[in-house]
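Student: Pasting work17.cif here (mmCIF, C-alpha atoms (C1' of nucleotides)):
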```
data_final
loop_
_atom_site.label_atom_id
_atom_site.label_comp_id
_atom_site.auth_asym_id
_atom_site.auth_seq_id
_atom_site.Cartn_x
_atom_site.Cartn_y
_atom_site.Cartn_z
CA MET A 1 24.38 -0.95 44.50
CA ALA A 2 26.47 1.76 42.96
CA SER A 3 29.48 -0.44 43.48
CA ALA A 4 27.84 -3.36 41.73
CA LEU A 5 27.20 -1.25 38.70
CA GLU A 6 30.66 0.19 39.08
CA ARG A 7 32.23 -3.24 39.04
CA ASP A 8 30.17 -4.21 36.03
CA VAL A 9 31.28 -1.09 34.20
CA ARG A 10 34.94 -1.73 34.86
CA GLU A 11 34.62 -5.37 34.00
CA ARG A 12 32.95 -4.75 30.68
CA PHE A 13 35.44 -2.14 29.68
CA ARG A 14 38.30 -4.42 30.60
CA ARG A 15 36.91 -7.30 28.61
CA SER A 16 36.12 -5.17 25.58
CA GLY A 17 39.53 -3.57 25.34
CA TYR A 18 38.05 -0.08 25.30
CA THR A 19 39.33 2.36 27.84
CA LEU A 20 37.07 3.83 30.45
CA THR A 21 37.67 7.49 29.76
CA SER A 22 36.24 10.41 31.66
CA GLN A 23 33.98 11.26 28.74
CA ARG A 24 32.49 7.80 28.61
CA ARG A 25 32.03 7.86 32.34
CA ALA A 26 30.35 11.25 32.07
CA VAL A 27 27.91 9.89 29.49
CA LEU A 28 27.14 6.97 31.75
CA GLU A 29 26.57 9.31 34.69
CA ALA A 30 24.29 11.52 32.64
CA LEU A 31 22.26 8.49 31.65
CA LYS A 32 22.05 7.41 35.27
CA ASP A 33 20.89 10.82 36.45
CA PHE A 34 18.45 11.33 33.65
CA LYS A 35 15.01 10.13 34.59
CA GLY A 36 13.59 8.59 31.47
CA HIS A 37 15.12 7.76 28.16
CA PRO A 38 17.15 10.62 26.74
CA SER A 39 18.19 11.13 23.17
CA ALA A 40 21.83 11.64 22.29
CA GLU A 41 21.23 15.38 22.21
CA GLU A 42 19.74 15.35 25.70
CA VAL A 43 22.64 13.32 27.04
CA TYR A 44 24.95 15.82 25.41
CA LEU A 45 23.28 18.74 27.17
CA VAL A 46 23.66 17.09 30.57
CA VAL A 47 27.27 16.13 29.96
CA LYS A 48 28.09 19.61 28.75
CA LYS A 49 26.97 21.14 32.04
CA LYS A 50 29.85 19.51 33.86
CA ASN A 51 32.31 19.50 31.04
CA PRO A 52 31.56 22.19 28.44
CA ARG A 53 34.33 21.00 26.18
CA VAL A 54 32.77 17.75 25.04
CA ALA A 55 31.38 17.69 21.54
CA LEU A 56 28.13 16.14 20.40
CA GLY A 57 30.07 13.76 18.21
CA THR A 58 31.94 12.50 21.24
CA VAL A 59 28.66 11.72 22.97
CA TYR A 60 27.46 9.75 19.96
CA GLN A 61 30.71 7.87 19.89
CA ALA A 62 30.63 7.17 23.62
CA LEU A 63 27.02 6.00 23.39
CA SER A 64 27.86 3.58 20.62
CA VAL A 65 30.76 2.17 22.60
CA LEU A 66 28.58 1.80 25.70
CA GLU A 67 25.95 0.08 23.63
CA GLU A 68 28.46 -2.21 22.02
CA ILE A 69 29.78 -3.46 25.35
CA GLY A 70 26.24 -3.95 26.62
CA LEU A 71 26.04 -1.27 29.29
CA ILE A 72 23.21 0.59 27.67
CA GLU A 73 20.46 -0.10 25.20
CA ALA A 74 19.31 1.93 22.20
CA LYS A 75 15.67 2.11 21.21
CA HIS A 76 14.36 3.27 17.89
CA TRP A 77 10.99 4.90 17.52
CA SER A 78 9.36 6.41 14.52
CA GLU A 79 9.40 10.20 14.49
CA SER A 80 11.94 10.38 17.24
CA PRO A 81 15.69 10.27 17.54
CA VAL A 82 17.18 7.15 19.09
CA ARG A 83 16.73 7.04 22.85
CA TYR A 84 19.09 5.40 25.30
CA ASP A 85 18.40 3.39 28.38
CA LEU A 86 20.71 2.29 31.17
CA ASN A 87 18.37 -0.49 32.14
CA THR A 88 19.41 -3.51 30.14
CA GLU A 89 17.18 -5.92 32.01
CA PRO A 90 14.52 -7.20 29.60
CA HIS A 91 11.67 -4.73 29.75
CA HIS A 92 9.39 -2.77 27.49
CA ASP A 93 8.97 0.91 26.93
CA ILE A 94 6.04 2.88 25.65
CA ARG A 95 6.26 6.25 23.97
CA CYS A 96 3.54 8.89 24.01
CA VAL A 97 2.72 9.92 20.46
CA ARG A 98 1.73 13.39 21.61
CA CYS A 99 4.37 14.53 24.09
CA GLY A 100 7.09 12.02 23.24
CA GLU A 101 7.66 10.88 26.80
CA VAL A 102 8.97 7.37 27.20
CA THR A 103 8.23 5.21 30.22
CA GLU A 104 8.59 1.60 31.15
CA ILE A 105 5.91 -1.04 31.24
CA PRO A 106 6.37 -3.36 34.19
CA GLY A 107 5.34 -6.95 34.50
CA VAL A 108 5.05 -8.09 30.93
CA GLU A 109 7.16 -11.09 30.11
CA PHE A 110 8.57 -11.63 26.72
CA GLU A 111 10.36 -14.94 26.77
CA ASP A 112 7.56 -17.20 25.54
CA PHE A 113 7.09 -14.86 22.71
CA ALA A 114 10.72 -14.78 21.68
CA THR A 115 10.76 -18.54 21.79
CA ARG A 116 7.76 -18.77 19.52
CA ILE A 117 9.43 -16.42 17.08
CA ARG A 118 12.53 -18.57 17.01
CA GLU A 119 10.41 -21.59 16.25
CA ASN A 120 8.78 -19.92 13.28
CA THR A 121 11.64 -18.52 11.31
CA PRO A 122 14.78 -19.97 9.76
CA TYR A 123 16.59 -16.79 10.75
CA GLU A 124 19.01 -16.81 13.63
CA VAL A 125 17.26 -14.26 15.80
CA THR A 126 19.71 -11.83 17.35
CA ASN A 127 17.38 -9.19 18.63
CA ALA A 128 13.68 -8.71 19.18
CA SER A 129 12.18 -5.64 20.72
CA LEU A 130 8.78 -4.14 20.99
CA VAL A 131 7.94 -0.69 19.81
CA ILE A 132 4.88 0.40 21.68
CA GLU A 133 3.16 3.72 21.20
CA GLY A 134 0.18 5.27 22.88
CA VAL A 135 -1.18 8.32 24.61
CA CYS A 136 0.06 8.95 28.14
CA PRO A 137 -2.40 9.70 30.97
CA ASP A 138 -1.42 13.37 31.03
CA CYS A 139 -2.09 13.85 27.35
CA GLN A 140 -5.35 11.94 27.61
CA SER A 141 -6.69 14.30 30.24
CA ARG A 142 -5.31 17.27 28.33
CA ASN A 143 -7.65 16.49 25.45
CA MET B 1 -9.17 -10.80 -5.05
CA ALA B 2 -7.80 -7.85 -6.93
CA SER B 3 -11.27 -6.41 -6.96
CA ALA B 4 -11.61 -6.78 -3.21
CA LEU B 5 -8.46 -4.79 -2.70
CA GLU B 6 -9.65 -2.40 -5.38
CA ARG B 7 -12.89 -1.81 -3.56
CA ASP B 8 -11.08 -1.29 -0.31
CA VAL B 9 -8.79 1.24 -1.93
CA ARG B 10 -11.65 3.26 -3.38
CA GLU B 11 -13.59 3.08 -0.15
CA ARG B 12 -10.75 4.31 1.99
CA PHE B 13 -9.98 7.18 -0.31
CA ARG B 14 -13.59 8.17 -0.43
CA ARG B 15 -13.91 8.15 3.34
CA SER B 16 -10.69 10.02 3.87
CA GLY B 17 -11.46 12.86 1.52
CA TYR B 18 -8.18 12.38 -0.34
CA THR B 19 -8.38 11.88 -4.06
CA LEU B 20 -7.13 8.70 -5.68
CA THR B 21 -4.66 10.19 -8.11
CA SER B 22 -2.66 8.31 -10.70
CA GLN B 23 0.52 8.87 -8.70
CA ARG B 24 -0.94 7.39 -5.53
CA ARG B 25 -2.26 4.48 -7.53
CA ALA B 26 1.18 4.01 -9.06
CA VAL B 27 2.78 3.88 -5.63
CA LEU B 28 0.22 1.31 -4.54
CA GLU B 29 0.87 -0.78 -7.65
CA ALA B 30 4.62 -0.62 -7.09
CA LEU B 31 4.13 -1.82 -3.55
CA LYS B 32 1.94 -4.65 -4.78
CA ASP B 33 4.46 -5.78 -7.38
CA PHE B 34 7.44 -5.47 -5.13
CA LYS B 35 8.20 -8.72 -3.38
CA GLY B 36 9.33 -7.78 0.06
CA HIS B 37 9.31 -4.52 1.92
CA PRO B 38 10.71 -1.68 -0.13
CA SER B 39 12.03 1.61 1.14
CA ALA B 40 10.66 4.87 -0.20
CA GLU B 41 13.60 5.06 -2.55
CA GLU B 42 12.91 1.60 -3.94
CA VAL B 43 9.26 2.41 -4.45
CA TYR B 44 10.35 5.54 -6.24
CA LEU B 45 12.56 3.60 -8.64
CA VAL B 46 9.73 1.25 -9.56
CA VAL B 47 7.23 4.06 -10.04
CA LYS B 48 9.70 5.99 -12.15
CA LYS B 49 9.97 3.15 -14.65
CA LYS B 50 6.39 3.67 -15.72
CA ASN B 51 6.17 7.37 -15.11
CA PRO B 52 9.60 9.05 -15.21
CA ARG B 53 8.18 12.39 -14.23
CA VAL B 54 7.35 11.60 -10.62
CA ALA B 55 9.68 13.03 -8.00
CA LEU B 56 10.94 11.29 -4.89
CA GLY B 57 9.09 13.83 -2.78
CA THR B 58 5.83 12.84 -4.41
CA VAL B 59 6.44 9.23 -3.48
CA TYR B 60 7.08 10.18 0.14
CA GLN B 61 3.94 12.21 0.14
CA ALA B 62 1.88 9.46 -1.45
CA LEU B 63 3.26 6.91 0.99
CA SER B 64 2.30 9.04 3.95
CA VAL B 65 -1.23 9.48 2.62
CA LEU B 66 -1.54 5.73 2.02
CA GLU B 67 -0.29 5.05 5.50
CA GLU B 68 -2.65 7.59 7.01
CA ILE B 69 -5.70 5.99 5.45
CA GLY B 70 -4.54 2.56 6.51
CA LEU B 71 -3.73 0.98 3.17
CA ILE B 72 -0.10 0.39 3.95
CA GLU B 73 2.09 0.06 6.98
CA ALA B 74 5.44 1.64 7.75
CA LYS B 75 8.12 -0.21 9.68
CA HIS B 76 11.13 1.34 11.30
CA TRP B 77 14.35 -0.51 11.78
CA SER B 78 17.63 0.69 13.10
CA GLU B 79 20.23 1.31 10.44
CA SER B 80 17.71 1.22 7.67
CA PRO B 81 15.32 3.62 6.02
CA VAL B 82 11.64 3.13 6.72
CA ARG B 83 10.19 0.18 4.82
CA TYR B 84 6.62 -0.12 3.61
CA ASP B 85 4.30 -3.06 3.52
CA LEU B 86 0.99 -3.51 1.74
CA ASN B 87 0.02 -6.31 4.10
CA THR B 88 -1.84 -4.68 6.96
CA GLU B 89 -3.01 -7.95 8.47
CA PRO B 90 -1.29 -8.37 11.84
CA HIS B 91 1.99 -10.09 11.17
CA HIS B 92 5.65 -9.81 12.04
CA ASP B 93 8.69 -9.11 9.97
CA ILE B 94 12.30 -9.94 10.54
CA ARG B 95 15.22 -8.10 9.06
CA CYS B 96 18.61 -9.61 8.31
CA VAL B 97 21.31 -7.55 9.96
CA ARG B 98 23.80 -8.54 7.26
CA CYS B 99 22.01 -8.23 3.93
CA GLY B 100 19.07 -6.11 5.06
CA GLU B 101 16.42 -8.37 3.58
CA VAL B 102 13.05 -8.26 5.28
CA THR B 103 10.70 -11.25 5.37
CA GLU B 104 7.58 -12.19 7.22
CA ILE B 105 7.27 -14.56 10.13
CA PRO B 106 4.14 -16.68 9.84
CA GLY B 107 2.13 -18.22 12.60
CA VAL B 108 3.00 -16.11 15.60
CA GLU B 109 0.03 -14.57 17.31
CA PHE B 110 0.28 -11.30 19.07
CA GLU B 111 -3.09 -10.64 20.61
CA ASP B 112 -2.54 -12.08 24.09
CA PHE B 113 0.57 -10.07 24.27
CA ALA B 114 -1.06 -6.81 23.26
CA THR B 115 -3.75 -7.44 25.82
CA ARG B 116 -1.21 -7.97 28.55
CA ILE B 117 0.48 -4.73 27.61
CA ARG B 118 -2.81 -2.87 27.83
CA GLU B 119 -3.37 -4.28 31.28
CA ASN B 120 0.00 -3.05 32.52
CA THR B 121 0.12 0.55 31.45
CA PRO B 122 -2.07 3.57 32.03
CA TYR B 123 -1.30 4.64 28.46
CA GLU B 124 -3.93 4.28 25.80
CA VAL B 125 -2.05 1.95 23.49
CA THR B 126 -2.41 2.94 19.87
CA ASN B 127 0.25 0.86 18.28
CA ALA B 128 2.50 -2.02 19.18
CA SER B 129 4.85 -3.65 16.77
CA LEU B 130 7.78 -5.93 16.99
CA VAL B 131 11.16 -5.13 15.60
CA ILE B 132 12.94 -8.39 15.05
CA GLU B 133 16.44 -8.75 13.72
CA GLY B 134 18.53 -11.74 12.88
CA VAL B 135 20.70 -13.43 10.32
CA CYS B 136 18.92 -14.95 7.33
CA PRO B 137 19.66 -18.51 6.20
CA ASP B 138 21.59 -17.30 3.15
CA CYS B 139 23.87 -15.12 5.22
CA GLN B 140 24.35 -17.88 7.79
CA SER B 141 25.65 -20.28 5.14
CA ARG B 142 27.70 -17.51 3.58
CA ASN B 143 29.73 -17.24 6.78
"C1'" DG C 1 60.77 9.51 33.38
"C1'" DA C 2 61.38 10.03 28.21
"C1'" DC C 3 59.99 7.94 23.95
"C1'" DT C 4 56.80 5.50 20.95
"C1'" DT C 5 52.54 3.69 19.66
"C1'" DT C 6 47.68 3.53 20.05
"C1'" DT C 7 43.42 5.20 21.28
"C1'" DT C 8 40.40 8.75 21.99
"C1'" DC C 9 38.80 13.42 21.49
"C1'" DA C 10 37.00 18.07 19.70
"C1'" DG C 11 35.46 20.55 16.17
"C1'" DG C 12 33.47 20.85 12.14
"C1'" DA C 13 32.26 19.25 7.63
"C1'" DA C 14 29.56 15.82 5.23
"C1'" DT C 15 25.88 12.46 4.56
"C1'" DG C 16 21.39 10.44 4.00
"C1'" DG C 17 16.69 10.00 4.76
"C1'" DT C 18 12.91 12.81 5.07
"C1'" DT C 19 10.09 17.09 5.14
"C1'" DA C 20 8.88 21.78 3.78
"C1'" DT C 21 8.32 25.30 0.32
"C1'" DT C 22 6.90 27.15 -3.92
"C1'" DG C 23 4.97 27.91 -8.10
"C1'" DA C 24 2.83 25.11 -11.71
"C1'" DT C 25 -0.76 21.90 -13.10
"C1'" DG C 26 -4.91 19.50 -13.36
"C1'" DC C 27 -9.42 18.37 -12.24
"C1'" DA C 28 -14.19 19.64 -10.40
"C1'" DA C 29 -18.16 22.74 -9.75
"C1'" DG C 30 -20.64 26.34 -11.35
"C1'" DC D 1 -14.76 28.74 -19.87
"C1'" DT D 2 -13.11 30.03 -15.44
"C1'" DT D 3 -12.59 29.98 -10.70
"C1'" DG D 4 -11.04 27.31 -6.74
"C1'" DC D 5 -8.69 23.90 -4.42
"C1'" DA D 6 -6.03 19.68 -4.02
"C1'" DT D 7 -2.07 17.70 -5.82
"C1'" DC D 8 2.25 17.65 -8.05
"C1'" DA D 9 7.40 18.31 -9.42
"C1'" DA D 10 11.43 20.29 -8.32
"C1'" DT D 11 14.40 21.72 -5.21
"C1'" DA D 12 15.91 23.67 -0.99
"C1'" DA D 13 16.06 22.89 3.83
"C1'" DC D 14 16.30 20.01 7.95
"C1'" DC D 15 17.95 17.11 11.43
"C1'" DA D 16 19.97 13.09 13.40
"C1'" DT D 17 23.95 10.87 12.81
"C1'" DT D 18 28.53 9.70 10.91
"C1'" DC D 19 32.94 10.80 9.09
"C1'" DC D 20 37.31 13.23 8.95
"C1'" DT D 21 41.20 15.71 10.73
"C1'" DG D 22 44.81 17.02 13.53
"C1'" DA D 23 45.51 17.41 18.51
"C1'" DA D 24 45.67 15.36 23.05
"C1'" DA D 25 45.74 11.76 26.22
"C1'" DA D 26 46.73 7.12 27.59
"C1'" DA D 27 49.19 2.85 27.45
"C1'" DG D 28 53.16 0.31 26.54
"C1'" DT D 29 58.45 0.11 26.43
"C1'" DC D 30 62.93 0.82 27.64
#
```
Take the structure I supplied and represent it as structure tokens, if you would.
Tutor:
Amino acid sequence: MASALERDVRERFRRSGYTLTSQRRAVLEALKDFKGHPSAEEVYLVVKKKNPRVALGTVYQALSVLEEIGLIEAKHWSESPVRYDLNTEPHHDIRCVRCGEVTEIPGVEFEDFATRIRENTPYEVTNASLVIEGVCPDCQSRN
Amino acid sequence: MASALERDVRERFRRSGYTLTSQRRAVLEALKDFKGHPSAEEVYLVVKKKNPRVALGTVYQALSVLEEIGLIEAKHWSESPVRYDLNTEPHHDIRCVRCGEVTEIPGVEFEDFATRIRENTPYEVTNASLVIEGVCPDCQSRN
DNA sequence: GACTTTTTCAGGAATGGTTATTGATGCAAG
DNA sequence: CTTGCATCAATAACCATTCCTGAAAAAGTC
């Protein structure tokens, strides 16, 4: 499965014209290793462990390239920096308003909904994502 | 209908313990007059016309109080400051990725969806909103 | 392989939206 | 009137992100 991802990575870089540099690969690796949905800063910290010379700006730049070519997805929450996700399959994430943890919600389909949106606006819809917030089980019990 | 809103405003302030000051009222008025979904800065400009002494910080503060007591709603988009909306009925907004304009999408119900989300996560869901982006008709024709 | 051109990078400064701080101000209760 | 507390204006601080620069690396060319 690593090779499938690997092939996809190469392919997307080739098509985009960007070069697959070691820094961009490192960012991708960090995102793969990171359980959850790290912020740019968190990705930076992981990357820096292996290669202390990379700058935060480089990570931002790499993330935006990776997002542009569709390898990763950026999610915007209120009161939180942007968080990145390697999983680009359609899915939804929920963020705990107390501890900030982000996890995925399985088994909720979105397609019907997106279709209905398209039927009700003259806009050409390019992107629709859900921002879901709540209190995670841990924080509930920690009342 | 103005009086219904008026009553609601008074009621919510009373219950919250906050005082209904002239500045907070001015922010509310600005939001009512503004067609669309202004940013804090835009609200500030409108408020300043009538009362040039208010500071941007005051507007931010007033907006956060108004949001806290449920009179207005804040929406977060990528690449855009937070935008505020007086309409707290459940509804969806779409933002044009070219010109930035935000408009409402009528006639799309959300409830089933929210229910399905609640059934699929152990989180206690407090908030779920859609972030929809697209290209508005004007910008499409202006290709 | 040496040369040239292009892309990317590191480091740090700059930006922009938002929040925090502080002392002043205004209103309410006695 | 005056004491007390919430709110306000002004401004400084903050933080995530972007921009800028010269250096380095990679890709293309002969």
Student: Could you please tell me, as a PDB file with C-alpha atoms, in the coordinates of the input, which residues of chain A have an atom within 12 Å of chain D when using only C-alpha atoms (C1' of nucleotides)?
Tutor:
```
ATOM      1  CA  GLY A  17      39.530  -3.570  25.340  1.00  0.00           C
ATOM      2  CA  TYR A  18      38.050  -0.080  25.300  1.00  0.00           C
ATOM      3  CA  THR A  19      39.330   2.360  27.840  1.00  0.00           C
ATOM      4  CA  LEU A  20      37.070   3.830  30.450  1.00  0.00           C
ATOM      5  CA  THR A  21      37.670   7.490  29.760  1.00  0.00           C
ATOM      6  CA  SER A  22      36.240  10.410  31.660  1.00  0.00           C
ATOM      7  CA  SER A  39      18.190  11.130  23.170  1.00  0.00           C
ATOM      8  CA  ALA A  40      21.830  11.640  22.290  1.00  0.00           C
ATOM      9  CA  GLU A  41      21.230  15.380  22.210  1.00  0.00           C
ATOM     10  CA  LEU A  56      28.130  16.140  20.400  1.00  0.00           C
ATOM     11  CA  GLY A  57      30.070  13.760  18.210  1.00  0.00           C
ATOM     12  CA  THR A  58      31.940  12.500  21.240  1.00  0.00           C
ATOM     13  CA  VAL A  59      28.660  11.720  22.970  1.00  0.00           C
ATOM     14  CA  TYR A  60      27.460   9.750  19.960  1.00  0.00           C
ATOM     15  CA  GLN A  61      30.710   7.870  19.890  1.00  0.00           C
ATOM     16  CA  SER A  64      27.860   3.580  20.620  1.00  0.00           C
ATOM     17  CA  GLU A  79       9.400  10.200  14.490  1.00  0.00           C
ATOM     18  CA  SER A  80      11.940  10.380  17.240  1.00  0.00           C
ATOM     19  CA  PRO A  81      15.690  10.270  17.540  1.00  0.00           C
ATOM     20  CA  VAL A  82      17.180   7.150  19.090  1.00  0.00           C
ATOM     21  CA  ARG A  83      16.730   7.040  22.850  1.00  0.00           C
TER      22      ARG A  83
END
```
Student: Starting from chain A, keep only residues with some atom at most 8 Å from an atom of chain C, counting only C-alpha atoms (C1' of nucleotides), and report them as a ChimeraX atom specification.
Tutor: /A:53-55,58
Student: Just write the chosen residues, C-alpha atoms, as a PDB file, in the coordinates of the input.
Tutor:
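Written file, result.pdb:
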```pdb
ATOM      1  CA  ARG A  53      34.330  21.000  26.180  1.00  0.00           C
ATOM      2  CA  VAL A  54      32.770  17.750  25.040  1.00  0.00           C
ATOM      3  CA  ALA A  55      31.380  17.690  21.540  1.00  0.00           C
ATOM      4  CA  THR A  58      31.940  12.500  21.240  1.00  0.00           C
TER       5      THR A  58
END
```
Student: Rounded to one decimal, what separation in Å do you get between atom CA of A:Gly70 and atom CA of A:Leu45?
Tutor: 22.9 Å
Student: Please write out chain A, superposed on chain B by least squares over all C-alpha atoms matched in order, as a CSV table (one decimal) with C-alpha atoms, in the frame of the given file.
Tutor:
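As written to disk, superposed.csv reads:
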```
chain,number,residue,atom,x,y,z
A,1,MET,CA,-9.1,-10.7,-5.3
A,2,ALA,CA,-7.8,-7.8,-7.1
A,3,SER,CA,-11.3,-6.4,-7.1
A,4,ALA,CA,-11.6,-6.8,-3.4
A,5,LEU,CA,-8.5,-4.8,-2.8
A,6,GLU,CA,-9.6,-2.4,-5.5
A,7,ARG,CA,-12.9,-1.8,-3.7
A,8,ASP,CA,-11.1,-1.3,-0.4
A,9,VAL,CA,-8.8,1.2,-2.0
A,10,ARG,CA,-11.6,3.2,-3.5
A,11,GLU,CA,-13.6,3.0,-0.3
A,12,ARG,CA,-10.8,4.3,1.9
A,13,PHE,CA,-10.0,7.1,-0.4
A,14,ARG,CA,-13.6,8.1,-0.5
A,15,ARG,CA,-14.0,8.1,3.3
A,16,SER,CA,-10.7,9.9,3.8
A,17,GLY,CA,-11.5,12.8,1.4
A,18,TYR,CA,-8.2,12.3,-0.4
A,19,THR,CA,-8.3,11.8,-4.1
A,20,LEU,CA,-7.1,8.7,-5.7
A,21,THR,CA,-4.6,10.2,-8.1
A,22,SER,CA,-2.6,8.3,-10.7
A,23,GLN,CA,0.5,8.9,-8.7
A,24,ARG,CA,-0.9,7.4,-5.5
A,25,ARG,CA,-2.2,4.5,-7.6
A,26,ALA,CA,1.2,4.0,-9.1
A,27,VAL,CA,2.8,3.9,-5.6
A,28,LEU,CA,0.2,1.3,-4.6
A,29,GLU,CA,0.9,-0.8,-7.7
A,30,ALA,CA,4.7,-0.6,-7.1
A,31,LEU,CA,4.2,-1.8,-3.6
A,32,LYS,CA,2.0,-4.7,-4.8
A,33,ASP,CA,4.5,-5.7,-7.4
A,34,PHE,CA,7.5,-5.4,-5.2
A,35,LYS,CA,8.3,-8.7,-3.4
A,36,GLY,CA,9.3,-7.8,0.0
A,37,HIS,CA,9.3,-4.5,1.9
A,38,PRO,CA,10.7,-1.7,-0.1
A,39,SER,CA,12.0,1.6,1.2
A,40,ALA,CA,10.6,4.9,-0.2
A,41,GLU,CA,13.6,5.1,-2.5
A,42,GLU,CA,12.9,1.6,-3.9
A,43,VAL,CA,9.3,2.4,-4.4
A,44,TYR,CA,10.4,5.6,-6.2
A,45,LEU,CA,12.6,3.6,-8.6
A,46,VAL,CA,9.8,1.3,-9.6
A,47,VAL,CA,7.3,4.1,-10.0
A,48,LYS,CA,9.7,6.0,-12.1
A,49,LYS,CA,10.0,3.2,-14.6
A,50,LYS,CA,6.5,3.7,-15.7
A,51,ASN,CA,6.2,7.4,-15.1
A,52,PRO,CA,9.7,9.1,-15.2
A,53,ARG,CA,8.2,12.4,-14.2
A,54,VAL,CA,7.3,11.6,-10.6
A,55,ALA,CA,9.6,13.1,-7.9
A,56,LEU,CA,10.9,11.3,-4.8
A,57,GLY,CA,9.1,13.8,-2.7
A,58,THR,CA,5.8,12.8,-4.3
A,59,VAL,CA,6.4,9.2,-3.4
A,60,TYR,CA,7.0,10.1,0.2
A,61,GLN,CA,3.9,12.2,0.2
A,62,ALA,CA,1.8,9.4,-1.4
A,63,LEU,CA,3.2,6.8,1.0
A,64,SER,CA,2.2,9.0,4.0
A,65,VAL,CA,-1.3,9.4,2.6
A,66,LEU,CA,-1.6,5.7,2.0
A,67,GLU,CA,-0.4,5.0,5.5
A,68,GLU,CA,-2.7,7.5,7.0
A,69,ILE,CA,-5.8,5.9,5.4
A,70,GLY,CA,-4.6,2.5,6.5
A,71,LEU,CA,-3.8,0.9,3.1
A,72,ILE,CA,-0.1,0.3,3.9
A,73,GLU,CA,2.0,0.0,7.0
A,74,ALA,CA,5.4,1.6,7.7
A,75,LYS,CA,8.0,-0.2,9.7
A,76,HIS,CA,11.0,1.3,11.3
A,77,TRP,CA,14.3,-0.5,11.8
A,78,SER,CA,17.5,0.7,13.1
A,79,GLU,CA,20.2,1.3,10.5
A,80,SER,CA,17.6,1.2,7.7
A,81,PRO,CA,15.3,3.6,6.1
A,82,VAL,CA,11.6,3.1,6.7
A,83,ARG,CA,10.1,0.2,4.8
A,84,TYR,CA,6.6,-0.1,3.6
A,85,ASP,CA,4.3,-3.1,3.5
A,86,LEU,CA,1.0,-3.6,1.7
A,87,ASN,CA,0.0,-6.3,4.1
A,88,THR,CA,-1.8,-4.7,6.9
A,89,GLU,CA,-3.0,-7.9,8.4
A,90,PRO,CA,-1.3,-8.3,11.8
A,91,HIS,CA,2.0,-10.1,11.2
A,92,HIS,CA,5.6,-9.8,12.1
A,93,ASP,CA,8.6,-9.1,10.0
A,94,ILE,CA,12.3,-10.0,10.5
A,95,ARG,CA,15.2,-8.1,9.1
A,96,CYS,CA,18.6,-9.6,8.3
A,97,VAL,CA,21.3,-7.6,10.0
A,98,ARG,CA,23.8,-8.5,7.3
A,99,CYS,CA,22.0,-8.2,3.9
A,100,GLY,CA,19.0,-6.1,5.1
A,101,GLU,CA,16.4,-8.3,3.6
A,102,VAL,CA,13.0,-8.3,5.3
A,103,THR,CA,10.6,-11.2,5.4
A,104,GLU,CA,7.5,-12.2,7.2
A,105,ILE,CA,7.2,-14.6,10.1
A,106,PRO,CA,4.1,-16.6,9.8
A,107,GLY,CA,2.1,-18.2,12.6
A,108,VAL,CA,3.0,-16.1,15.6
A,109,GLU,CA,0.0,-14.5,17.3
A,110,PHE,CA,0.3,-11.2,19.1
A,111,GLU,CA,-3.1,-10.5,20.6
A,112,ASP,CA,-2.5,-12.0,24.1
A,113,PHE,CA,0.6,-10.0,24.3
A,114,ALA,CA,-1.0,-6.7,23.3
A,115,THR,CA,-3.7,-7.4,25.9
A,116,ARG,CA,-1.1,-7.9,28.6
A,117,ILE,CA,0.6,-4.7,27.7
A,118,ARG,CA,-2.7,-2.8,28.0
A,119,GLU,CA,-3.2,-4.3,31.4
A,120,ASN,CA,0.2,-3.1,32.6
A,121,THR,CA,0.3,0.5,31.6
A,122,PRO,CA,-1.8,3.6,32.2
A,123,TYR,CA,-1.1,4.7,28.7
A,124,GLU,CA,-3.8,4.4,26.0
A,125,VAL,CA,-1.9,2.0,23.7
A,126,THR,CA,-2.3,3.1,20.1
A,127,ASN,CA,0.3,1.0,18.4
A,128,ALA,CA,2.6,-1.9,19.3
A,129,SER,CA,4.9,-3.6,16.9
A,130,LEU,CA,7.8,-5.9,17.0
A,131,VAL,CA,11.2,-5.1,15.7
A,132,ILE,CA,12.9,-8.4,15.1
A,133,GLU,CA,16.4,-8.8,13.7
A,134,GLY,CA,18.5,-11.8,12.9
A,135,VAL,CA,20.7,-13.4,10.3
A,136,CYS,CA,18.9,-14.9,7.3
A,137,PRO,CA,19.6,-18.5,6.1
A,138,ASP,CA,21.5,-17.3,3.1
A,139,CYS,CA,23.8,-15.1,5.2
A,140,GLN,CA,24.3,-17.9,7.7
A,141,SER,CA,25.6,-20.3,5.1
A,142,ARG,CA,27.7,-17.5,3.6
A,143,ASN,CA,29.7,-17.3,6.7
```
Student: Between B:Gly107, B:Pro90, B:Gly36, B:Gly100, single out the one closest to chain A, counting all atoms listed in the file.
Tutor: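 Checking each of B:Gly107, B:Pro90, B:Gly36, B:Gly100 against chain A, counting all atoms listed in the file, the winner is B:Gly107.
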Student: Take atom CA of B:Ser129 and atom CA of A:Leu130 and report the distance between them in Å, one decimal.
Tutor: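 Separating atom CA of B:Ser129 from atom CA of A:Leu130 is a distance of 5.8 Å.
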Student: Only residues of chain B matter here; which ones have an atom within 12 Å of chain A, counting only C-alpha atoms? Give them as an MDAnalysis selection string.
Tutor: chainID B and resid 74:83 91:98 101:141
Student: In Å, how far is it from atom CA of B:Leu28 to atom CA of B:Glu11?
Tutor: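 Separating atom CA of B:Leu28 from atom CA of B:Glu11 is a distance of 14.6 Å.
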Student: Translate the PyMOL selection byres ((chain B and resi 26) around 12), as applied to the file shown, into an explicit residue set as a list of chain:residue names.
Tutor: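 This file gives the following for the PyMOL selection byres ((chain B and resi 26) around 12): B:Leu20, B:Thr21, B:Ser22, B:Gln23, B:Arg24, B:Arg25, B:Val27, B:Leu28, B:Glu29, B:Ala30, B:Leu31, B:Lys32, B:Asp33, B:Val43, B:Tyr44, B:Leu45, B:Val46, B:Val47, B:Lys48, B:Lys49, B:Lys50, B:Asn51, B:Pro52, B:Val54, B:Thr58, B:Val59, B:Ala62, B:Leu63, B:Leu66.
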